[in-house]
>>> print(open('final06.csv').read())   # CSV, C-alpha atoms
chain,number,residue,atom,x,y,z
W,282,MET,CA,-8.6,-31.4,-29.9
W,283,ALA,CA,-11.3,-30.0,-27.7
W,284,ALA,CA,-12.1,-26.3,-27.8
W,285,PRO,CA,-10.9,-24.4,-24.7
W,286,ARG,CA,-13.7,-23.8,-22.2
W,287,PRO,CA,-14.7,-20.2,-21.6
W,288,ASP,CA,-13.4,-18.5,-18.5
W,289,LYS,CA,-15.5,-18.4,-15.4
W,290,LYS,CA,-16.5,-14.9,-14.2
W,291,LEU,CA,-14.8,-14.3,-10.8
W,292,PHE,CA,-16.9,-12.2,-8.5
W,293,THR,CA,-14.4,-12.5,-5.8
W,294,PRO,CA,-11.9,-10.4,-3.8
W,295,GLY,CA,-9.1,-12.2,-5.7
W,296,PRO,CA,-7.8,-13.7,-7.8
W,297,LEU,CA,-9.9,-11.8,-10.3
W,298,SER,CA,-11.0,-12.1,-13.9
W,299,SER,CA,-8.4,-10.7,-16.3
W,300,SER,CA,-8.6,-9.6,-19.9
W,301,ARG,CA,-7.5,-11.9,-22.7
W,302,THR,CA,-4.8,-9.5,-23.7
W,303,VAL,CA,-3.4,-9.6,-20.1
W,304,LYS,CA,-3.3,-13.4,-20.3
W,305,GLU,CA,-1.8,-13.4,-23.8
W,306,ALA,CA,1.1,-11.2,-22.5
W,307,MET,CA,2.3,-14.2,-20.6
W,308,LEU,CA,2.8,-16.3,-23.7
W,309,PHE,CA,6.5,-15.3,-24.0
W,310,ASP,CA,9.5,-16.6,-22.1
W,311,LEU,CA,12.1,-14.1,-20.9
W,312,GLY,CA,15.2,-14.7,-18.8
W,313,SER,CA,15.4,-12.7,-15.6
W,314,ARG,CA,18.6,-11.1,-16.9
W,315,ASP,CA,17.2,-10.3,-20.3
W,316,ALA,CA,17.2,-6.6,-21.2
W,317,GLY,CA,13.6,-6.7,-22.1
W,318,PHE,CA,12.6,-8.1,-18.7
W,319,ILE,CA,14.8,-5.6,-16.9
W,320,ASP,CA,13.1,-2.8,-18.8
W,321,THR,CA,9.7,-4.3,-17.8
W,322,VAL,CA,10.6,-4.2,-14.1
W,323,LYS,CA,11.9,-0.6,-14.4
W,324,THR,CA,8.7,0.5,-16.2
W,325,ILE,CA,6.5,-1.2,-13.6
W,326,ARG,CA,8.4,0.5,-10.7
W,327,THR,CA,8.1,3.9,-12.3
W,328,GLU,CA,4.5,3.6,-13.4
W,329,VAL,CA,3.3,2.4,-10.0
W,330,LEU,CA,4.8,5.5,-8.4
W,331,LYS,CA,2.9,7.6,-11.0
W,332,LEU,CA,-0.3,5.9,-10.1
W,333,ALA,CA,0.3,6.7,-6.4
W,334,GLY,CA,1.0,10.3,-7.3
W,335,VAL,CA,4.2,10.4,-5.3
W,336,ASP,CA,7.7,11.7,-6.0
W,337,ALA,CA,10.4,9.2,-6.9
W,338,SER,CA,12.8,11.2,-4.7
W,339,GLU,CA,10.7,10.4,-1.7
W,340,PHE,CA,9.2,7.0,-2.4
W,341,THR,CA,10.2,3.8,-4.1
W,342,THR,CA,8.3,0.8,-5.5
W,343,ILE,CA,9.5,-2.6,-4.4
W,344,PRO,CA,7.9,-5.7,-6.1
W,345,MET,CA,8.1,-8.8,-3.9
W,346,GLN,CA,7.5,-12.3,-5.2
W,347,GLY,CA,4.5,-14.1,-3.8
W,348,SER,CA,1.0,-13.1,-2.8
W,349,GLY,CA,0.1,-9.7,-1.3
W,350,THR,CA,0.4,-11.2,2.1
W,351,PHE,CA,4.1,-11.9,1.4
W,352,ALA,CA,4.6,-8.2,0.8
W,353,ILE,CA,2.7,-7.4,4.1
W,354,GLU,CA,4.9,-9.7,6.0
W,355,ALA,CA,8.0,-8.3,4.3
W,356,THR,CA,7.0,-4.8,5.3
W,357,ILE,CA,6.4,-5.8,9.0
W,358,SER,CA,9.5,-8.0,9.1
W,359,THR,CA,11.8,-5.3,7.7
W,360,SER,CA,10.4,-2.0,9.1
W,361,VAL,CA,10.0,-3.0,12.8
W,362,PRO,CA,13.2,-2.7,14.7
W,363,ARG,CA,14.4,-5.9,16.4
W,364,SER,CA,14.2,-4.3,19.8
W,365,GLY,CA,11.8,-1.6,21.0
W,366,GLY,CA,9.3,-2.0,18.2
W,367,LYS,CA,5.6,-1.8,19.1
W,368,VAL,CA,2.8,-2.2,16.5
W,369,LEU,CA,-0.7,-1.0,16.9
W,370,VAL,CA,-3.1,-2.7,14.4
W,371,LEU,CA,-6.4,-0.9,13.8
W,372,GLU,CA,-8.6,-3.8,12.6
W,373,ASN,CA,-12.2,-4.3,11.6
W,374,GLY,CA,-12.0,-7.7,9.9
W,375,ALA,CA,-10.0,-10.7,8.9
W,376,TYR,CA,-7.2,-8.9,7.0
W,377,GLY,CA,-6.4,-6.6,9.9
W,378,LYS,CA,-6.4,-9.6,12.1
W,379,ARG,CA,-3.9,-11.2,9.7
W,380,ILE,CA,-1.5,-8.3,10.2
W,381,LYS,CA,-1.7,-8.9,14.0
W,382,LYS,CA,-1.0,-12.6,13.4
W,383,ILE,CA,2.0,-11.9,11.3
W,384,CYS,CA,3.4,-9.8,14.2
W,385,ASP,CA,2.7,-12.6,16.6
W,386,VAL,CA,4.5,-15.2,14.5
W,387,LEU,CA,7.5,-12.9,14.1
W,388,GLN,CA,7.4,-12.3,17.9
W,389,ILE,CA,6.9,-8.6,17.4
W,390,TYR,CA,4.9,-6.9,20.2
W,391,ALA,CA,1.5,-5.9,18.8
W,392,LYS,CA,-1.9,-4.9,20.0
W,393,ALA,CA,-5.1,-4.9,18.0
W,394,LEU,CA,-7.6,-2.0,18.5
W,395,SER,CA,-10.7,-3.7,17.2
W,396,PHE,CA,-13.9,-2.3,15.6
W,397,PRO,CA,-17.1,-4.1,14.5
W,398,GLU,CA,-16.8,-5.9,11.2
W,399,ASN,CA,-19.5,-3.9,9.5
W,400,GLN,CA,-18.2,-0.5,10.8
W,401,ILE,CA,-15.3,1.7,9.9
W,402,VAL,CA,-12.2,2.2,12.0
W,403,ASP,CA,-13.5,5.1,13.9
W,404,PRO,CA,-11.1,8.1,13.8
W,405,ALA,CA,-12.5,9.5,17.0
W,406,GLU,CA,-11.8,6.3,18.9
W,407,VAL,CA,-8.3,6.1,17.5
W,408,ASP,CA,-7.7,9.7,18.5
W,409,ALA,CA,-8.9,9.0,22.1
W,410,PHE,CA,-6.8,5.9,22.3
W,411,LEU,CA,-3.6,7.5,21.1
W,412,GLU,CA,-4.1,10.4,23.4
W,413,LYS,CA,-3.5,8.0,26.3
W,414,ASN,CA,-1.2,5.5,24.5
W,415,SER,CA,1.6,7.2,22.6
W,416,ASP,CA,4.5,4.8,22.6
W,417,TRP,CA,3.8,2.9,19.4
W,418,THR,CA,6.5,2.8,16.7
W,419,HIS,CA,4.1,1.5,14.0
W,420,VAL,CA,0.3,1.9,13.3
W,421,CYS,CA,-1.2,-0.4,10.7
W,422,MET,CA,-4.7,-0.4,9.0
W,423,VAL,CA,-6.5,-1.9,6.0
W,424,HIS,CA,-7.9,0.6,3.6
W,425,CYS,CA,-10.6,-1.6,2.0
W,426,GLU,CA,-11.4,-4.4,4.5
W,427,THR,CA,-12.8,-7.0,2.0
W,428,SER,CA,-13.9,-9.5,4.7
W,429,ALA,CA,-17.1,-7.3,4.9
W,430,GLY,CA,-16.5,-4.6,2.2
W,431,VAL,CA,-15.9,-1.6,4.5
W,432,LEU,CA,-13.9,1.3,3.2
W,433,ASN,CA,-11.8,2.8,6.1
W,434,PRO,CA,-10.9,6.5,6.4
W,435,HIS,CA,-7.2,6.1,6.0
W,436,ALA,CA,-6.4,9.8,5.4
W,437,GLU,CA,-8.2,11.0,8.5
W,438,VAL,CA,-6.6,8.2,10.6
W,439,GLY,CA,-3.2,9.0,9.1
W,440,ARG,CA,-3.4,12.6,10.2
W,441,ILE,CA,-4.4,11.5,13.7
W,442,VAL,CA,-1.5,9.0,13.9
W,443,LYS,CA,1.0,11.6,12.9
W,444,LYS,CA,-0.5,14.2,15.3
W,445,HIS,CA,0.2,11.9,18.3
W,446,LEU,CA,3.1,9.9,16.9
W,447,PRO,CA,5.0,12.2,14.5
W,448,SER,CA,8.0,9.9,14.2
W,449,SER,CA,6.0,6.7,13.9
W,450,VAL,CA,5.5,4.5,10.8
W,451,PHE,CA,2.0,4.5,9.3
W,452,PHE,CA,1.4,1.4,7.2
W,453,VAL,CA,-1.7,1.0,5.0
W,454,ASP,CA,-2.8,-2.3,3.4
W,455,ALA,CA,-4.4,-1.1,0.2
W,456,MET,CA,-4.5,-4.6,-1.4
W,457,SER,CA,-8.0,-4.2,-2.8
W,458,SER,CA,-8.1,-0.5,-3.5
W,459,PHE,CA,-4.9,0.8,-5.0
W,460,GLY,CA,-5.3,1.5,-8.7
W,461,ALA,CA,-9.0,2.6,-8.4
W,462,ILE,CA,-9.8,4.2,-5.1
W,463,PRO,CA,-7.7,7.4,-4.4
W,464,LEU,CA,-5.1,7.2,-1.6
W,465,ASP,CA,-3.7,10.2,0.3
W,466,PHE,CA,0.0,9.5,0.8
W,467,SER,CA,0.6,12.6,2.9
W,468,ASN,CA,1.1,10.4,6.0
W,469,ILE,CA,1.6,7.0,4.6
W,470,ASP,CA,5.0,5.5,5.0
W,471,TYR,CA,4.4,2.0,3.5
W,472,MET,CA,1.5,0.9,1.3
W,473,VAL,CA,1.1,-2.7,0.1
W,474,SER,CA,-1.0,-3.9,-2.8
W,475,SER,CA,-1.0,-6.8,-5.3
W,476,SER,CA,-0.6,-7.5,-8.9
W,477,ASN,CA,-4.0,-9.0,-9.4
W,478,LYS,CA,-6.5,-6.5,-7.8
W,479,CYS,CA,-7.6,-3.2,-9.2
W,480,ILE,CA,-4.8,-3.0,-11.7
W,481,GLN,CA,-6.1,-6.3,-13.0
W,482,GLY,CA,-3.0,-8.3,-13.6
W,483,VAL,CA,-2.6,-11.9,-12.5
W,484,PRO,CA,-1.4,-13.3,-9.1
W,485,GLY,CA,2.3,-13.6,-8.5
W,486,PHE,CA,3.8,-10.6,-6.7
W,487,GLY,CA,3.0,-8.0,-4.2
W,488,ILE,CA,3.8,-4.3,-4.5
W,489,VAL,CA,5.3,-2.2,-1.7
W,490,ILE,CA,5.4,1.6,-2.0
W,491,ALA,CA,7.9,2.8,0.7
W,492,ARG,CA,8.9,6.2,1.9
W,493,LEU,CA,12.7,6.2,1.5
W,494,SER,CA,13.3,8.1,4.7
W,495,LYS,CA,11.6,5.3,6.6
W,496,LEU,CA,12.9,2.4,4.5
W,497,LEU,CA,16.6,3.0,4.3
W,498,PRO,CA,17.3,3.1,8.1
W,499,CYS,CA,15.9,-0.4,8.3
W,500,ALA,CA,18.9,-2.1,6.8
W,501,GLY,CA,19.7,-5.3,8.8
W,502,TRP,CA,16.4,-5.4,10.7
W,503,ALA,CA,14.6,-8.0,8.5
W,504,ARG,CA,13.8,-11.3,10.1
W,505,SER,CA,13.9,-13.1,6.8
W,506,LEU,CA,16.4,-13.2,3.9
W,507,SER,CA,13.9,-13.6,1.1
W,508,LEU,CA,11.5,-11.0,2.6
W,509,ASP,CA,14.1,-8.3,3.2
W,510,LEU,CA,12.6,-5.1,1.6
W,511,VAL,CA,15.8,-3.0,1.9
W,512,ASP,CA,18.0,-5.7,0.3
W,513,GLN,CA,15.3,-6.2,-2.4
W,514,ALA,CA,15.1,-2.5,-3.1
W,515,ARG,CA,18.9,-2.0,-3.2
W,516,ASN,CA,19.4,-4.9,-5.6
W,517,LEU,CA,16.7,-3.6,-7.9
W,518,ASP,CA,18.2,-0.2,-7.9
W,519,MET,CA,21.8,-1.4,-8.5
W,520,THR,CA,21.2,-4.1,-11.1
W,521,GLY,CA,17.6,-3.8,-12.2
W,522,GLN,CA,17.1,-7.4,-11.2
W,523,PHE,CA,15.5,-9.4,-8.4
W,524,ARG,CA,17.7,-11.2,-5.9
W,525,PHE,CA,15.9,-14.5,-6.5
W,526,THR,CA,13.9,-16.0,-9.4
W,527,PRO,CA,11.3,-13.3,-10.4
W,528,PRO,CA,7.7,-14.0,-11.6
W,529,THR,CA,8.6,-13.1,-15.2
W,530,HIS,CA,5.3,-14.0,-16.8
W,531,THR,CA,3.2,-12.3,-14.1
W,532,MET,CA,5.2,-9.1,-14.6
W,533,LEU,CA,4.7,-9.2,-18.3
W,534,ALA,CA,1.0,-9.5,-17.7
W,535,PHE,CA,1.2,-6.6,-15.2
W,536,ARG,CA,2.9,-4.3,-17.7
W,537,GLN,CA,0.0,-5.0,-20.1
W,538,ALA,CA,-2.5,-4.4,-17.3
W,539,LEU,CA,-1.0,-1.0,-16.6
W,540,ARG,CA,-1.4,-0.1,-20.3
W,541,GLU,CA,-5.1,-1.2,-20.1
W,542,LEU,CA,-5.6,0.8,-16.9
W,543,GLU,CA,-4.3,3.9,-18.7
W,544,GLU,CA,-6.6,3.2,-21.7
W,545,GLU,CA,-9.6,3.1,-19.4
W,546,GLY,CA,-8.8,6.5,-18.1
W,547,GLY,CA,-6.5,5.6,-15.2
W,548,PRO,CA,-7.7,5.0,-11.7
W,549,ALA,CA,-10.6,7.5,-12.0
W,550,GLY,CA,-12.0,5.7,-15.1
W,551,ARG,CA,-11.6,2.3,-13.5
W,552,LEU,CA,-13.3,3.4,-10.3
W,553,GLN,CA,-16.2,4.7,-12.4
W,554,ARG,CA,-16.8,1.3,-13.9
W,555,TYR,CA,-16.5,-0.4,-10.5
W,556,GLN,CA,-19.0,2.1,-9.1
W,557,LYS,CA,-21.4,1.3,-11.9
W,558,ASN,CA,-20.9,-2.4,-11.3
W,559,HIS,CA,-21.6,-2.0,-7.6
W,560,ALA,CA,-24.7,0.1,-8.1
W,561,LEU,CA,-26.1,-2.4,-10.5
W,562,LEU,CA,-25.3,-5.3,-8.3
W,563,ARG,CA,-27.0,-3.6,-5.3
W,564,GLU,CA,-30.1,-2.9,-7.5
W,565,HIS,CA,-30.4,-6.5,-8.7
W,566,MET,CA,-29.8,-8.0,-5.3
W,567,ARG,CA,-32.3,-5.8,-3.6
W,568,ARG,CA,-34.9,-6.8,-6.3
W,569,LEU,CA,-34.2,-10.4,-5.5
W,570,GLY,CA,-34.6,-9.8,-1.8
W,571,PHE,CA,-31.0,-10.0,-0.5
W,572,ARG,CA,-29.8,-7.5,2.0
W,573,GLU,CA,-26.3,-6.1,2.7
W,574,LEU,CA,-24.3,-6.4,5.9
W,575,VAL,CA,-22.6,-3.0,5.5
W,576,ALA,CA,-24.4,0.3,5.5
W,577,ALA,CA,-24.1,2.3,2.3
W,578,GLU,CA,-22.1,5.1,3.9
W,579,HIS,CA,-19.3,2.6,4.9
W,580,GLN,CA,-19.5,0.4,1.8
W,581,ALA,CA,-16.6,0.2,-0.7
W,582,PRO,CA,-17.5,-0.3,-4.4
W,583,ILE,CA,-15.2,-3.3,-4.4
W,584,ILE,CA,-17.0,-6.3,-2.8
W,585,THR,CA,-20.4,-6.5,-1.0
W,586,THR,CA,-21.4,-8.9,1.8
W,587,TYR,CA,-25.0,-10.3,1.8
W,588,TYR,CA,-26.9,-12.0,4.5
W,589,TYR,CA,-28.1,-15.5,3.9
W,590,PRO,CA,-31.8,-15.5,3.1
W,591,LYS,CA,-34.1,-16.6,5.8
W,592,ASP,CA,-35.3,-19.7,4.0
W,593,ASP,CA,-34.8,-23.4,5.0
W,594,GLN,CA,-34.2,-24.2,1.3
W,595,PHE,CA,-31.1,-22.1,1.2
W,596,ASP,CA,-27.8,-24.0,1.4
W,597,PHE,CA,-24.8,-22.0,0.6
W,598,GLU,CA,-22.6,-24.9,-0.7
W,599,LYS,CA,-25.3,-25.8,-3.2
W,600,PHE,CA,-25.9,-22.2,-4.0
W,601,TYR,CA,-22.2,-21.7,-4.7
W,602,GLN,CA,-21.8,-24.8,-6.7
W,603,GLN,CA,-24.8,-24.3,-8.9
W,604,LEU,CA,-23.6,-20.8,-9.7
W,605,SER,CA,-20.2,-22.1,-10.4
W,606,ASP,CA,-21.7,-24.6,-12.8
W,607,LYS,CA,-23.1,-21.6,-14.6
W,608,ASP,CA,-19.6,-20.1,-14.7
W,609,GLN,CA,-20.4,-17.5,-12.0
W,610,VAL,CA,-18.0,-17.7,-9.0
W,611,ILE,CA,-18.9,-15.8,-5.8
W,612,TYR,CA,-17.2,-16.1,-2.4
W,613,PRO,CA,-18.0,-17.4,1.1
W,614,GLY,CA,-18.5,-14.9,3.9
W,615,LYS,CA,-15.6,-14.0,6.1
W,616,VAL,CA,-17.3,-12.2,9.0
W,617,THR,CA,-17.6,-14.0,12.3
W,618,GLU,CA,-21.0,-12.7,13.6
W,619,ALA,CA,-23.4,-13.4,10.7
W,620,ASP,CA,-24.1,-16.0,8.0
W,621,CYS,CA,-23.1,-14.2,4.8
W,622,PHE,CA,-21.6,-14.5,1.4
W,623,ARG,CA,-19.7,-12.0,-0.7
W,624,ILE,CA,-19.9,-10.8,-4.3
W,625,GLY,CA,-17.0,-8.8,-5.8
W,626,ASN,CA,-17.4,-6.4,-8.7
W,627,ILE,CA,-13.8,-5.6,-9.6
W,628,GLY,CA,-11.4,-7.2,-12.1
W,629,HIS,CA,-12.4,-7.5,-15.8
W,630,ILE,CA,-16.1,-7.3,-15.0
W,631,PHE,CA,-18.6,-5.1,-16.7
W,632,PRO,CA,-22.3,-4.2,-16.2
W,633,GLU,CA,-23.5,-6.9,-18.6
W,634,ASP,CA,-21.6,-9.5,-16.4
W,635,ILE,CA,-23.5,-8.2,-13.4
W,636,ASP,CA,-26.8,-8.6,-15.3
W,637,ARG,CA,-25.9,-12.2,-16.2
W,638,LEU,CA,-24.9,-13.0,-12.6
W,639,ALA,CA,-28.2,-11.7,-11.3
W,640,GLU,CA,-30.1,-13.9,-13.8
W,641,CYS,CA,-28.1,-16.9,-12.6
W,642,ILE,CA,-28.7,-16.1,-8.9
W,643,GLU,CA,-32.5,-15.8,-9.6
W,644,GLN,CA,-32.6,-19.1,-11.5
W,645,VAL,CA,-30.5,-21.0,-8.8
W,646,CYS,CA,-32.8,-19.7,-6.1
W,647,LYS,CA,-35.8,-20.9,-7.9
W,648,ASP,CA,-34.1,-24.3,-8.6
W,649,MET,CA,-33.5,-24.6,-4.8
W,650,GLY,CA,-37.3,-24.1,-4.2
W,651,MET,CA,-37.0,-20.5,-2.9
W,652,SER,CA,-39.5,-17.8,-3.7
W,653,ILE,CA,-38.5,-14.5,-5.3
W,654,PRO,CA,-37.9,-12.1,-3.6
W,655,VAL,CA,-36.2,-14.2,-1.1
W,656,LYS,CA,-37.0,-13.8,2.6
W,657,SER,CA,-34.5,-11.3,4.0
W,658,THR,CA,-32.6,-11.8,7.3
W,659,ARG,CA,-32.5,-8.1,7.6
W,660,LEU,CA,-35.0,-5.4,6.8
W,661,PRO,CA,-34.0,-2.5,4.4
>>> encode(input="final06.csv", output="structure tokens")
Amino acid sequence: MAAPRPDKKLFTPGPLSSSRTVKEAMLFDLGSRDAGFIDTVKTIRTEVLKLAGVDASEFTTIPMQGSGTFAIEATISTSVPRSGGKVLVLENGAYGKRIKKICDVLQIYAKALSFPENQIVDPAEVDAFLEKNSDWTHVCMVHCETSAGVLNPHAEVGRIVKKHLPSSVFFVDAMSSFGAIPLDFSNIDYMVSSSNKCIQGVPGFGIVIARLSKLLPCAGWARSLSLDLVDQARNLDMTGQFRFTPPTHTMLAFRQALRELEEEGGPAGRLQRYQKNHALLREHMRRLGFRELVAAEHQAPIITTYYYPKDDQFDFEKFYQQLSDKDQVIYPGKVTEADCFRIGNIGHIFPEDIDRLAECIEQVCKDMGMSIPVKSTRLP
């Protein structure tokens, strides 16, 4: 019997590298009605609220089967009234645009207030816009927009939203930040994240943290049976069980991931490692001649976008495949106005992994006939 091949290192926005112990936690079968699994679900719901630093009398955790996008769609579908709902999406990248598309598909009136992909959602512009346009029921934004790697000022924007629209719903997509980068829940009504991002579980369910005073009045509004957040929350509260088949193995892995997050020092300890990874990546890539799309003051320590080098020998598909052959997986760019690729530094990734990635990038560049440092598209 052939020995199992080693895992590839995933320098991506997700799915991410996970620890062996997280993967091993899935090697057990539990029924969805098993007392051990019901306890796992209860523990997860409780621990997620603790991570958020919110009171269980004001907020609830709702796990939703599927990817993080399922949880986003569930939130939009459930929380926007069937008549009179108007959604403002503050977007500076692909994932903000996805929220707008969800609204369009659900036939919910929505408008995008757009910002450049390498810039933050500007609070001053949001303030000026809402000063003149104050009839929105919902305002949505992405905290860490991983299409470029920008970290948006959610707390400042949230204060502005509630100043102009005190009864509105403020929804934050914190898919790639929750569990590491602090979130201010003072003005957040819904937050969505995923099982496989900064908490370092595996894919399989999304996480919604909902303010109860906003969630409970939404009964009957959902445009989908399976994505009904109110019904999901009520069933979990009453029975401890999901309405439909739950991702049992993924949730066992997530419970182990929560333990490992605590062992690392909680979100603050995890953020410290991510920041070290990011600083080291930036140092290595600068030495090799690559330049970042996003200015340092707007950059999240989650994923970094790099311009293609200005060299005829560079071919991204070959670059990607040769790195993958060395068990190093990066990601294509997702911005629309520049040729770029992305390198993530979250998940079960450590400084020695960043060092190894840099060695492989240098070797692949040389194998492609490029000089080191590479010719940069953008000056420092």
>>> atom_distance(input="final06.csv", atom1="atom CA of Pro294 of chain W", atom2="atom CA of Tyr589 of chain W")
18.6 Å
>>> residues_around(input="final06.csv", residues="Gly365 of chain W", least_positions_apart="4", cutoff="10 Å", atoms="only C-alpha atoms", output="ChimeraX atom specification")
/W:361,389-390,416-418
>>> write_last_selection(input="final06.csv", atoms="C-alpha atoms", output="tab-separated table (two decimals), in the frame of the given file")
chain	number	residue	atom	x	y	z
W	361	VAL	CA	10.00	-3.00	12.80
W	389	ILE	CA	6.90	-8.60	17.40
W	390	TYR	CA	4.90	-6.90	20.20
W	416	ASP	CA	4.50	4.80	22.60
W	417	TRP	CA	3.80	2.90	19.40
W	418	THR	CA	6.50	2.80	16.70
>>> closest_residue(input="final06.csv", among="W:Ala405, W:Ala538, W:Leu506, W:Val368", to="Ser449 of chain W", atoms="only C-alpha atoms")
W:Val368
>>> atom_distance(input="final06.csv", atom1="atom CA of Phe396 of chain W", atom2="atom CA of Val420 of chain W")
15.0 Å
>>> closest_residue(input="final06.csv", among="W:Ile611, W:Ile630, W:Cys421, W:Ala514", to="Cys479 of chain W", atoms="all atoms listed in the file")
W:Ile630
>>> closest_residue(input="final06.csv", among="W:Arg572, W:Lys607, W:Arg515, W:Arg379", to="Leu291 of chain W", atoms="only C-alpha atoms")
W:Lys607
